[in-house]
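Enquirer: Pasting work-v6.pdb below, which is PDB, C-alpha atoms, pLDDT in the B column.
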ATOM      1  CA  MET Q   1     135.590  49.662  33.429  1.00 42.00           C
ATOM      2  CA  LYS Q   2     136.008  46.490  31.380  1.00 43.00           C
ATOM      3  CA  LYS Q   3     139.019  44.154  31.234  1.00 42.00           C
ATOM      4  CA  ILE Q   4     140.087  41.913  28.371  1.00 40.00           C
ATOM      5  CA  ILE Q   5     142.575  39.182  29.271  1.00 40.00           C
ATOM      6  CA  PHE Q   6     144.948  37.718  26.675  1.00 45.00           C
ATOM      7  CA  SER Q   7     146.260  34.303  27.727  1.00 43.00           C
ATOM      8  CA  LEU Q   8     150.031  34.285  27.304  1.00 42.00           C
ATOM      9  CA  PHE Q   9     150.276  30.575  26.547  1.00 37.00           C
ATOM     10  CA  ALA Q  10     147.307  30.562  24.161  1.00 40.00           C
ATOM     11  CA  LEU Q  11     148.823  33.465  22.261  1.00 41.00           C
ATOM     12  CA  ILE Q  12     152.145  31.673  21.839  1.00 39.00           C
ATOM     13  CA  PHE Q  13     150.375  28.560  20.535  1.00 36.00           C
ATOM     14  CA  PHE Q  14     148.153  30.606  18.231  1.00 39.00           C
ATOM     15  CA  THR Q  15     151.148  32.464  16.815  1.00 41.00           C
ATOM     16  CA  ALA Q  16     152.923  29.244  15.972  1.00 38.00           C
ATOM     17  CA  ALA Q  17     149.961  28.214  13.829  1.00 38.00           C
ATOM     18  CA  HIS Q  18     149.411  31.569  12.088  1.00 42.00           C
ATOM     19  CA  SER Q  19     152.378  33.450  10.679  1.00 41.00           C
ATOM     20  CA  GLN Q  20     150.762  35.975   8.340  1.00 42.00           C
ATOM     21  CA  THR Q  21     149.790  39.556   9.275  1.00 44.00           C
ATOM     22  CA  ASP Q  22     148.823  42.525   7.127  1.00 55.00           C
ATOM     23  CA  THR Q  23     151.001  45.562   6.564  1.00 68.00           C
ATOM     24  CA  SER Q  24     148.899  47.956   8.683  1.00 75.00           C
ATOM     25  CA  LEU Q  25     148.937  45.538  11.601  1.00 79.00           C
ATOM     26  CA  ASP Q  26     152.702  45.146  11.213  1.00 83.00           C
ATOM     27  CA  ARG Q  27     153.109  48.918  11.487  1.00 84.00           C
ATOM     28  CA  THR Q  28     150.921  49.019  14.578  1.00 84.00           C
ATOM     29  CA  ALA Q  29     152.804  46.110  16.144  1.00 86.00           C
ATOM     30  CA  ASN Q  30     156.120  47.841  15.472  1.00 88.00           C
ATOM     31  CA  ALA Q  31     154.845  51.029  17.119  1.00 88.00           C
ATOM     32  CA  VAL Q  32     153.732  49.153  20.232  1.00 87.00           C
ATOM     33  CA  CYS Q  33     156.998  47.209  20.259  1.00 89.00           C
ATOM     34  CA  ASP Q  34     159.010  50.427  20.100  1.00 90.00           C
ATOM     35  CA  CYS Q  35     157.024  51.829  23.023  1.00 88.00           C
ATOM     36  CA  LEU Q  36     157.579  48.660  25.069  1.00 86.00           C
ATOM     37  CA  GLY Q  37     161.296  48.880  24.323  1.00 87.00           C
ATOM     38  CA  LYS Q  38     161.368  52.256  26.050  1.00 86.00           C
ATOM     39  CA  SER Q  39     159.630  50.982  29.192  1.00 84.00           C
ATOM     40  CA  ASN Q  40     161.581  50.161  32.332  1.00 80.00           C
ATOM     41  CA  ILE Q  41     160.288  46.622  32.805  1.00 77.00           C
ATOM     42  CA  THR Q  42     162.715  44.078  34.292  1.00 73.00           C
ATOM     43  CA  ASP Q  43     162.467  40.537  35.649  1.00 68.00           C
ATOM     44  CA  LYS Q  44     161.857  42.118  39.044  1.00 74.00           C
ATOM     45  CA  SER Q  45     158.930  44.265  37.909  1.00 77.00           C
ATOM     46  CA  SER Q  46     155.559  43.541  39.497  1.00 78.00           C
ATOM     47  CA  GLN Q  47     152.662  42.083  37.518  1.00 75.00           C
ATOM     48  CA  ASP Q  48     150.838  45.389  37.956  1.00 75.00           C
ATOM     49  CA  ASP Q  49     153.749  47.380  36.490  1.00 79.00           C
ATOM     50  CA  ILE Q  50     154.019  44.970  33.551  1.00 78.00           C
ATOM     51  CA  GLN Q  51     150.277  45.177  32.833  1.00 75.00           C
ATOM     52  CA  LYS Q  52     150.369  48.986  33.010  1.00 78.00           C
ATOM     53  CA  ALA Q  53     153.360  49.189  30.655  1.00 80.00           C
ATOM     54  CA  PHE Q  54     151.628  46.948  28.116  1.00 80.00           C
ATOM     55  CA  MET Q  55     148.304  48.799  28.275  1.00 77.00           C
ATOM     56  CA  ASN Q  56     149.897  52.246  28.160  1.00 78.00           C
ATOM     57  CA  CYS Q  57     151.739  51.294  24.987  1.00 81.00           C
ATOM     58  CA  VAL Q  58     148.577  49.954  23.353  1.00 77.00           C
ATOM     59  CA  LEU Q  59     146.634  53.129  24.200  1.00 73.00           C
ATOM     60  CA  LYS Q  60     149.468  55.423  23.124  1.00 76.00           C
ATOM     61  CA  SER Q  61     150.682  53.625  20.004  1.00 76.00           C
ATOM     62  CA  ALA Q  62     147.596  51.782  18.756  1.00 71.00           C
ATOM     63  CA  PRO Q  63     144.432  53.792  19.488  1.00 67.00           C
ATOM     64  CA  ASP Q  64     142.974  52.488  16.205  1.00 66.00           C
ATOM     65  CA  LEU Q  65     142.821  49.011  17.783  1.00 66.00           C
ATOM     66  CA  VAL Q  66     140.683  50.395  20.584  1.00 62.00           C
ATOM     67  CA  SER Q  67     138.418  51.980  17.952  1.00 63.00           C
ATOM     68  CA  LYS Q  68     138.049  48.606  16.235  1.00 64.00           C
ATOM     69  CA  ILE Q  69     137.104  46.927  19.514  1.00 61.00           C
ATOM     70  CA  VAL Q  70     134.446  49.532  20.292  1.00 57.00           C
ATOM     71  CA  ALA Q  71     133.026  49.729  16.764  1.00 60.00           C
ATOM     72  CA  SER Q  72     133.313  46.063  15.770  1.00 57.00           C
ATOM     73  CA  GLY Q  73     129.714  45.247  16.613  1.00 55.00           C
ATOM     74  CA  LYS Q  74     130.853  42.026  18.252  1.00 55.00           C
ATOM     75  CA  ASP Q  75     130.699  41.068  21.898  1.00 55.00           C
ATOM     76  CA  TYR Q  76     133.207  43.340  23.646  1.00 51.00           C
ATOM     77  CA  GLU Q  77     135.384  40.586  25.100  1.00 59.00           C
ATOM     78  CA  THR Q  78     135.312  38.527  21.904  1.00 64.00           C
ATOM     79  CA  ALA Q  79     136.397  41.480  19.758  1.00 63.00           C
ATOM     80  CA  GLY Q  80     139.107  42.409  22.238  1.00 63.00           C
ATOM     81  CA  GLN Q  81     140.455  38.868  22.334  1.00 68.00           C
ATOM     82  CA  GLU Q  82     140.572  38.629  18.535  1.00 71.00           C
ATOM     83  CA  ILE Q  83     142.206  42.010  17.956  1.00 71.00           C
ATOM     84  CA  GLY Q  84     144.588  41.667  20.890  1.00 73.00           C
ATOM     85  CA  THR Q  85     145.643  38.254  19.673  1.00 77.00           C
ATOM     86  CA  GLN Q  86     146.351  39.645  16.193  1.00 79.00           C
ATOM     87  CA  LEU Q  87     148.495  42.397  17.711  1.00 81.00           C
ATOM     88  CA  VAL Q  88     150.558  39.988  19.808  1.00 80.00           C
ATOM     89  CA  MET Q  89     150.886  37.594  16.860  1.00 80.00           C
ATOM     90  CA  ALA Q  90     152.332  40.413  14.780  1.00 83.00           C
ATOM     91  CA  MET Q  91     154.796  41.426  17.500  1.00 84.00           C
ATOM     92  CA  MET Q  92     156.030  37.864  17.897  1.00 81.00           C
ATOM     93  CA  LYS Q  93     156.216  37.346  14.110  1.00 83.00           C
ATOM     94  CA  ASN Q  94     158.327  40.504  13.879  1.00 85.00           C
ATOM     95  CA  ASN Q  95     160.642  39.203  16.623  1.00 87.00           C
ATOM     96  CA  CYS Q  96     159.759  41.977  19.058  1.00 88.00           C
ATOM     97  CA  THR Q  97     162.331  41.395  21.782  1.00 87.00           C
ATOM     98  CA  ALA Q  98     160.672  43.991  24.020  1.00 86.00           C
ATOM     99  CA  PHE Q  99     157.422  41.988  24.055  1.00 84.00           C
ATOM    100  CA  THR Q 100     159.327  38.740  24.639  1.00 82.00           C
ATOM    101  CA  LYS Q 101     161.033  40.459  27.567  1.00 80.00           C
ATOM    102  CA  ILE Q 102     157.849  41.602  29.294  1.00 79.00           C
ATOM    103  CA  ALA Q 103     156.090  38.301  28.565  1.00 78.00           C
ATOM    104  CA  GLY Q 104     158.996  36.507  30.225  1.00 76.00           C
ATOM    105  CA  ALA Q 105     158.884  38.918  33.161  1.00 73.00           C
ATOM    106  CA  LEU Q 106     155.139  38.350  33.532  1.00 71.00           C
ATOM    107  CA  ALA Q 107     155.563  34.576  33.471  1.00 70.00           C
ATOM    108  CA  ALA Q 108     158.424  34.806  36.004  1.00 68.00           C
ATOM    109  CA  ASN Q 109     156.087  36.650  38.338  1.00 63.00           C
ATOM    110  CA  GLY Q 110     153.379  34.019  38.058  1.00 59.00           C
ATOM    111  CA  GLY Q 111     151.188  35.764  35.486  1.00 56.00           C
ATOM    112  CA  SER Q 112     149.494  33.943  32.629  1.00 49.00           C
ATOM    113  CA  GLY Q 113     148.117  36.741  30.489  1.00 55.00           C
ATOM    114  CA  PHE Q 114     147.780  40.455  29.802  1.00 58.00           C
ATOM    115  CA  GLU Q 115     144.839  42.561  30.937  1.00 54.00           C
ATOM    116  CA  MET Q 116     143.585  45.286  28.623  1.00 52.00           C
ATOM    117  CA  THR Q 117     141.422  47.827  30.444  1.00 50.00           C
ATOM    118  CA  LEU Q 118     139.796  50.597  28.445  1.00 50.00           C
ATOM    119  CA  PRO Q 119     139.198  53.802  30.453  1.00 47.00           C
ATOM    120  CA  GLY Q 120     135.584  54.833  30.869  1.00 49.00           C
ATOM    121  CA  GLU Q 121     134.098  51.919  28.907  1.00 48.00           C
ATOM    122  CA  THR Q 122     131.089  49.965  30.125  1.00 48.00           C
ATOM    123  CA  GLU Q 123     129.189  47.173  28.411  1.00 47.00           C
ATOM    124  CA  THR Q 124     126.234  49.491  27.827  1.00 48.00           C
ATOM    125  CA  GLU Q 125     128.401  52.183  26.243  1.00 51.00           C
ATOM    126  CA  THR Q 126     130.115  49.640  24.032  1.00 49.00           C
ATOM    127  CA  ALA Q 127     126.809  48.235  22.839  1.00 49.00           C
ATOM    128  CA  ASN Q 128     125.573  51.732  21.954  1.00 64.00           C
ATOM    129  CA  ALA Q 129     128.799  53.032  20.395  1.00 78.00           C
ATOM    130  CA  GLN Q 130     128.662  54.439  16.879  1.00 87.00           C
ATOM    131  CA  SER Q 131     131.520  55.359  14.575  1.00 89.00           C
ATOM    132  CA  THR Q 132     132.118  57.853  11.788  1.00 92.00           C
ATOM    133  CA  ASP Q 133     134.875  59.310   9.587  1.00 93.00           C
ATOM    134  CA  GLY Q 134     135.340  62.870   8.439  1.00 95.00           C
ATOM    135  CA  THR Q 135     137.379  66.076   8.438  1.00 97.00           C
ATOM    136  CA  VAL Q 136     137.726  68.350  11.458  1.00 97.00           C
ATOM    137  CA  ILE Q 137     136.373  71.802  10.572  1.00 97.00           C
ATOM    138  CA  LYS Q 138     136.251  73.432  14.015  1.00 96.00           C
ATOM    139  CA  VAL Q 139     137.583  72.940  17.556  1.00 96.00           C
ATOM    140  CA  GLU Q 140     136.145  74.948  20.459  1.00 94.00           C
ATOM    141  CA  GLU Q 141     137.550  75.199  23.993  1.00 89.00           C
ATOM    142  CA  ARG Q 142     134.621  75.990  26.267  1.00 83.00           C
ATOM    143  CA  ASP Q 143     133.511  74.173  29.418  1.00 78.00           C
ATOM    144  CA  PHE Q 144     134.806  71.110  27.546  1.00 85.00           C
ATOM    145  CA  THR Q 145     136.534  70.602  24.215  1.00 92.00           C
ATOM    146  CA  TYR Q 146     134.107  70.378  21.282  1.00 94.00           C
ATOM    147  CA  ILE Q 147     135.232  68.958  17.939  1.00 96.00           C
ATOM    148  CA  THR Q 148     133.100  69.538  14.846  1.00 97.00           C
ATOM    149  CA  ILE Q 149     133.650  67.363  11.799  1.00 97.00           C
ATOM    150  CA  LYS Q 150     132.175  67.139   8.331  1.00 96.00           C
ATOM    151  CA  THR Q 151     131.546  63.458   7.755  1.00 93.00           C
ATOM    152  CA  THR Q 152     132.258  61.612   4.534  1.00 90.00           C
ATOM    153  CA  SER Q 153     128.507  61.675   3.857  1.00 90.00           C
ATOM    154  CA  GLY Q 154     128.463  65.486   4.159  1.00 93.00           C
ATOM    155  CA  ARG Q 155     126.876  65.847   7.603  1.00 93.00           C
ATOM    156  CA  VAL Q 156     128.282  68.343  10.122  1.00 95.00           C
ATOM    157  CA  LEU Q 157     128.409  66.865  13.631  1.00 95.00           C
ATOM    158  CA  THR Q 158     129.846  68.146  16.910  1.00 95.00           C
ATOM    159  CA  PHE Q 159     131.400  65.836  19.496  1.00 95.00           C
ATOM    160  CA  MET Q 160     132.447  66.440  23.101  1.00 92.00           C
ATOM    161  CA  TYR Q 161     135.773  65.423  24.637  1.00 91.00           C
ATOM    162  CA  TYR Q 162     134.471  64.569  28.122  1.00 84.00           C
ATOM    163  CA  GLU Q 163     136.603  61.734  29.502  1.00 82.00           C
ATOM    164  CA  TYR Q 164     140.121  60.604  28.621  1.00 84.00           C
ATOM    165  CA  VAL Q 165     140.363  59.247  25.077  1.00 86.00           C
ATOM    166  CA  PRO Q 166     143.175  56.790  24.214  1.00 83.00           C
ATOM    167  CA  GLY Q 167     145.955  58.529  22.294  1.00 85.00           C
ATOM    168  CA  SER Q 168     144.664  62.059  22.967  1.00 89.00           C
ATOM    169  CA  ASP Q 169     147.776  63.096  24.913  1.00 87.00           C
ATOM    170  CA  ASP Q 170     149.369  63.983  21.569  1.00 87.00           C
ATOM    171  CA  TRP Q 171     146.777  66.620  20.650  1.00 92.00           C
ATOM    172  CA  ILE Q 172     144.415  67.599  23.466  1.00 91.00           C
ATOM    173  CA  LYS Q 173     146.613  70.421  24.879  1.00 89.00           C
ATOM    174  CA  ASN Q 174     146.613  72.185  21.506  1.00 92.00           C
ATOM    175  CA  ALA Q 175     143.586  70.616  19.876  1.00 94.00           C
ATOM    176  CA  ALA Q 176     142.649  73.435  17.489  1.00 94.00           C
ATOM    177  CA  THR Q 177     146.096  73.539  15.887  1.00 94.00           C
ATOM    178  CA  ARG Q 178     146.640  69.796  15.886  1.00 94.00           C
ATOM    179  CA  LEU Q 179     143.222  68.733  14.593  1.00 96.00           C
ATOM    180  CA  THR Q 180     141.788  71.405  12.267  1.00 96.00           C
ATOM    181  CA  ASN Q 181     141.548  70.118   8.663  1.00 97.00           C
ATOM    182  CA  LYS Q 182     142.721  66.645   9.719  1.00 96.00           C
ATOM    183  CA  ASN Q 183     140.948  63.518   8.480  1.00 96.00           C
ATOM    184  CA  VAL Q 184     139.850  61.497  11.499  1.00 95.00           C
ATOM    185  CA  SER Q 185     138.009  58.375  12.550  1.00 93.00           C
ATOM    186  CA  LEU Q 186     136.132  58.233  15.839  1.00 92.00           C
ATOM    187  CA  SER Q 187     133.600  56.324  17.865  1.00 90.00           C
ATOM    188  CA  TYR Q 188     131.107  57.952  20.209  1.00 90.00           C
ATOM    189  CA  VAL Q 189     128.087  57.398  22.413  1.00 88.00           C
ATOM    190  CA  GLU Q 190     125.036  59.529  23.001  1.00 85.00           C
ATOM    191  CA  ALA Q 191     125.316  60.731  26.601  1.00 79.00           C
ATOM    192  CA  GLU Q 192     123.460  63.031  28.969  1.00 73.00           C
ATOM    193  CA  VAL Q 193     125.898  65.549  30.489  1.00 69.00           C
ATOM    194  CA  TYR Q 194     125.283  68.413  32.897  1.00 62.00           C
ATOM    195  CA  GLN Q 195     126.041  71.757  31.219  1.00 65.00           C
ATOM    196  CA  PRO Q 196     126.883  74.432  33.834  1.00 62.00           C
ATOM    197  CA  LYS Q 197     126.330  77.240  31.317  1.00 67.00           C
ATOM    198  CA  PHE Q 198     122.699  76.218  30.781  1.00 66.00           C
ATOM    199  CA  LYS Q 199     122.215  74.751  34.291  1.00 65.00           C
ATOM    200  CA  GLN Q 200     120.664  71.587  32.926  1.00 67.00           C
ATOM    201  CA  PHE Q 201     121.480  68.163  31.518  1.00 69.00           C
ATOM    202  CA  MET Q 202     121.827  67.995  27.737  1.00 77.00           C
ATOM    203  CA  ASN Q 203     122.367  65.211  25.225  1.00 83.00           C
ATOM    204  CA  VAL Q 204     125.810  65.218  23.592  1.00 88.00           C
ATOM    205  CA  LYS Q 205     127.921  62.969  21.413  1.00 91.00           C
ATOM    206  CA  GLU Q 206     130.724  61.876  23.751  1.00 90.00           C
ATOM    207  CA  ILE Q 207     133.974  60.777  22.068  1.00 92.00           C
ATOM    208  CA  LYS Q 208     135.190  57.330  23.138  1.00 88.00           C
ATOM    209  CA  THR Q 209     137.996  56.723  20.614  1.00 90.00           C
ATOM    210  CA  PHE Q 210     139.653  59.120  18.187  1.00 92.00           C
ATOM    211  CA  THR Q 211     142.254  58.438  15.493  1.00 91.00           C
ATOM    212  CA  ILE Q 212     143.974  60.904  13.163  1.00 92.00           C
ATOM    213  CA  LYS Q 213     144.435  59.309   9.732  1.00 87.00           C
TER     214      LYS Q 213
END
Write the structure described by the file as structure tokens, please.
Expert:
Amino acid sequence: MKKIIFSLFALIFFTAAHSQTDTSLDRTANAVCDCLGKSNITDKSSQDDIQKAFMNCVLKSAPDLVSKIVASGKDYETAGQEIGTQLVMAMMKNNCTAFTKIAGALAANGGSGFEMTLPGETETETANAQSTDGTVIKVEERDFTYITIKTTSGRVLTFMYYEYVPGSDDWIKNAATRLTNKNVSLSYVEAEVYQPKFKQFMNVKEIKTFTIK
């Protein structure tokens, strides 16, 4: 499990020097800000609670950022720092009082930055991650959830939902209804998983990030 740490003071300085963000990033920042506004963080909250609130909102409201980190092709920590910095810049530019509140609470508790931990990610997985876009044509609930898409290049590929995927809470309990015919973007790794039905290990395409367009 890998952590990316965003220095609070460096982010504030960086924001002061760069005031422009794109529209899509503004929308993402607003979504994360809205999520933070609904959290129960106060000046008395622990650093751990503050970090969890921040990360939960990123995973829930901005899964596309996680996809960019995994599929960027850059060093994992470098990509995370760059993208995380852009997100925080946008929140501060948009006067996100919820972010200002938790940043102040973190500083009051002796913290100097935010940790971003992506579930199930390792350096090896990140290095081997691939990404693709396409349309979901079939969802099967078997030993695991299998999602088949037709890619933009016309290939038909099947992917396995094996471990928690950021943002999947919104669709995993009713995946067939929520995903069929949807245009999606995902990243995945080739993994060897034990298949009880066949009583052997088999190679599968394991989903790491998944975004509905």
Enquirer: May I have the residues at most 10 Å from (137.7, 66.3, 4.8) in the file's coordinates, counting all atoms listed in the file, as a list in words?
Expert: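 Residues satisfying the cut-off, written out: Asp133, Gly134, Thr135, Val136, Ile137, Ile149, Lys150, Thr151, Thr152, Gly154, Thr180, Asn181, Lys182, Asn183 and Val184 of chain Q.
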Enquirer: Those residues with C-alpha atoms, as a PDB file, in the frame of the given file please?
Expert:
ATOM      1  CA  ASP Q 133     134.875  59.310   9.587  1.00 93.00           C
ATOM      2  CA  GLY Q 134     135.340  62.870   8.439  1.00 95.00           C
ATOM      3  CA  THR Q 135     137.379  66.076   8.438  1.00 97.00           C
ATOM      4  CA  VAL Q 136     137.726  68.350  11.458  1.00 97.00           C
ATOM      5  CA  ILE Q 137     136.373  71.802  10.572  1.00 97.00           C
ATOM      6  CA  ILE Q 149     133.650  67.363  11.799  1.00 97.00           C
ATOM      7  CA  LYS Q 150     132.175  67.139   8.331  1.00 96.00           C
ATOM      8  CA  THR Q 151     131.546  63.458   7.755  1.00 93.00           C
ATOM      9  CA  THR Q 152     132.258  61.612   4.534  1.00 90.00           C
ATOM     10  CA  GLY Q 154     128.463  65.486   4.159  1.00 93.00           C
ATOM     11  CA  THR Q 180     141.788  71.405  12.267  1.00 96.00           C
ATOM     12  CA  ASN Q 181     141.548  70.118   8.663  1.00 97.00           C
ATOM     13  CA  LYS Q 182     142.721  66.645   9.719  1.00 96.00           C
ATOM     14  CA  ASN Q 183     140.948  63.518   8.480  1.00 96.00           C
ATOM     15  CA  VAL Q 184     139.850  61.497  11.499  1.00 95.00           C
TER      16      VAL Q 184
END
Enquirer: Just give me the gap between atom CA of Thr211 of chain Q and atom CA of Ser168 of chain Q in Å, one decimal is fine.
Expert: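 It comes out at 8.6 Å.
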Enquirer: Of the candidates Q:Leu157, Q:Leu36, Q:Leu186, Q:Ala175, which shows the shortest atom-to-atom distance to Val139 of chain Q, using all atoms listed in the file?
Expert: Q:Ala175
Enquirer: Nearest residue to Gly104 of chain Q out of Q:Lys208, Q:Thr42, Q:Cys57, Q:Asn174, using all atoms listed in the file?
Expert: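 Answer, going by the shortest atom-to-atom distance: Q:Thr42.
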Enquirer: Is it possible to get the residues within 12 Å of (153.7, 48.6, 12.3) (coordinates as in the file, counting all atoms listed in the file) written as a list in words?
Expert: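 Residues with an atom close enough to that point: Thr21, Asp22, Thr23, Ser24, Leu25, Asp26, Arg27, Thr28, Ala29, Asn30, Ala31, Val32, Cys33, Asp34, Cys35, Ser61, Ala62, Leu87, Val88, Ala90, Met91, Lys93, Asn94 and Cys96 of chain Q.
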Enquirer: Find the spatial neighbours of Ser45 of chain Q, counting only C-alpha atoms, within a cut-off of 9 Å - ignore same-chain residues fewer than 5 positions away - and output them as a short mmCIF file (atom, residue, chain, number, x, y, z; two decimals) with C-alpha atoms, in the coordinates of the input.
Expert:
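Resulting contents of selection35.cif:
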data_model
loop_
_atom_site.label_atom_id
_atom_site.label_comp_id
_atom_site.auth_asym_id
_atom_site.auth_seq_id
_atom_site.Cartn_x
_atom_site.Cartn_y
_atom_site.Cartn_z
CA ASN Q 40 161.58 50.16 32.33
CA ILE Q 50 154.02 44.97 33.55
CA ALA Q 105 158.88 38.92 33.16
CA LEU Q 106 155.14 38.35 33.53
CA ASN Q 109 156.09 36.65 38.34
#
Enquirer: I need the residue nearest Lys173 of chain Q from this list: Q:Gly84, Q:Met55, Q:Gly37, Q:Thr145. Use only C-alpha atoms for the distance.
Expert: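 Of Q:Gly84, Q:Met55, Q:Gly37, Q:Thr145, the one nearest Lys173 of chain Q, counting only C-alpha atoms, is Q:Thr145.
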Enquirer: Could you spell out the hits of the PyMOL selection byres ((chain Q and resi 190) around 10) on the shown file, as a PyMOL selection string?
Expert: chain Q and resi 125+128-130+159+188-189+191-193+203-207
Enquirer: Which of these, Q:Lys60, Q:Lys138, Q:Lys213, Q:Lys101, has the shortest distance to Thr177 of chain Q once you count all atoms listed in the file?
Expert: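 Using all atoms listed in the file, the shortest distance to Thr177 of chain Q belongs to Q:Lys138.
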Enquirer: As an exercise, work out the distance from atom CA of Leu179 of chain Q to atom CA of Ser153 of chain Q in Å and give it to one decimal place.
Expert: 19.5 Å
Enquirer: Rounded to one decimal in Å, what is the spacing between atom CA of Leu59 of chain Q and atom CA of Ser46 of chain Q?
Expert: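 If I compute the distance from atom CA of Leu59 of chain Q to atom CA of Ser46 of chain Q, I get 20.1 Å.
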Enquirer: Here is a test: counting all atoms listed in the file, which residue of Q:Thr148, Q:Val156, Q:Ile102, Q:Tyr161 is nearest to Lys44 of chain Q?
Expert: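 So, comparing all the options, the nearest one is Q:Ile102.
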Enquirer: Around all listed atoms of segment 55-59 of chain Q, padded 3 Å per side, what centre and edge lengths does the axis-aligned box have in Å to one decimal, as JSON?
Expert:
{"center_x": 149.2, "center_y": 51.0, "center_z": 25.8, "size_x": 11.1, "size_y": 10.3, "size_z": 10.9}
Enquirer: Would you mind telling me which residue in Q:Met160, Q:Asn56, Q:Met202, Q:Ser185 lies nearest to Tyr146 of chain Q when using all atoms listed in the file?
Expert: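 Smallest separation from Tyr146 of chain Q among the options: Q:Met160.
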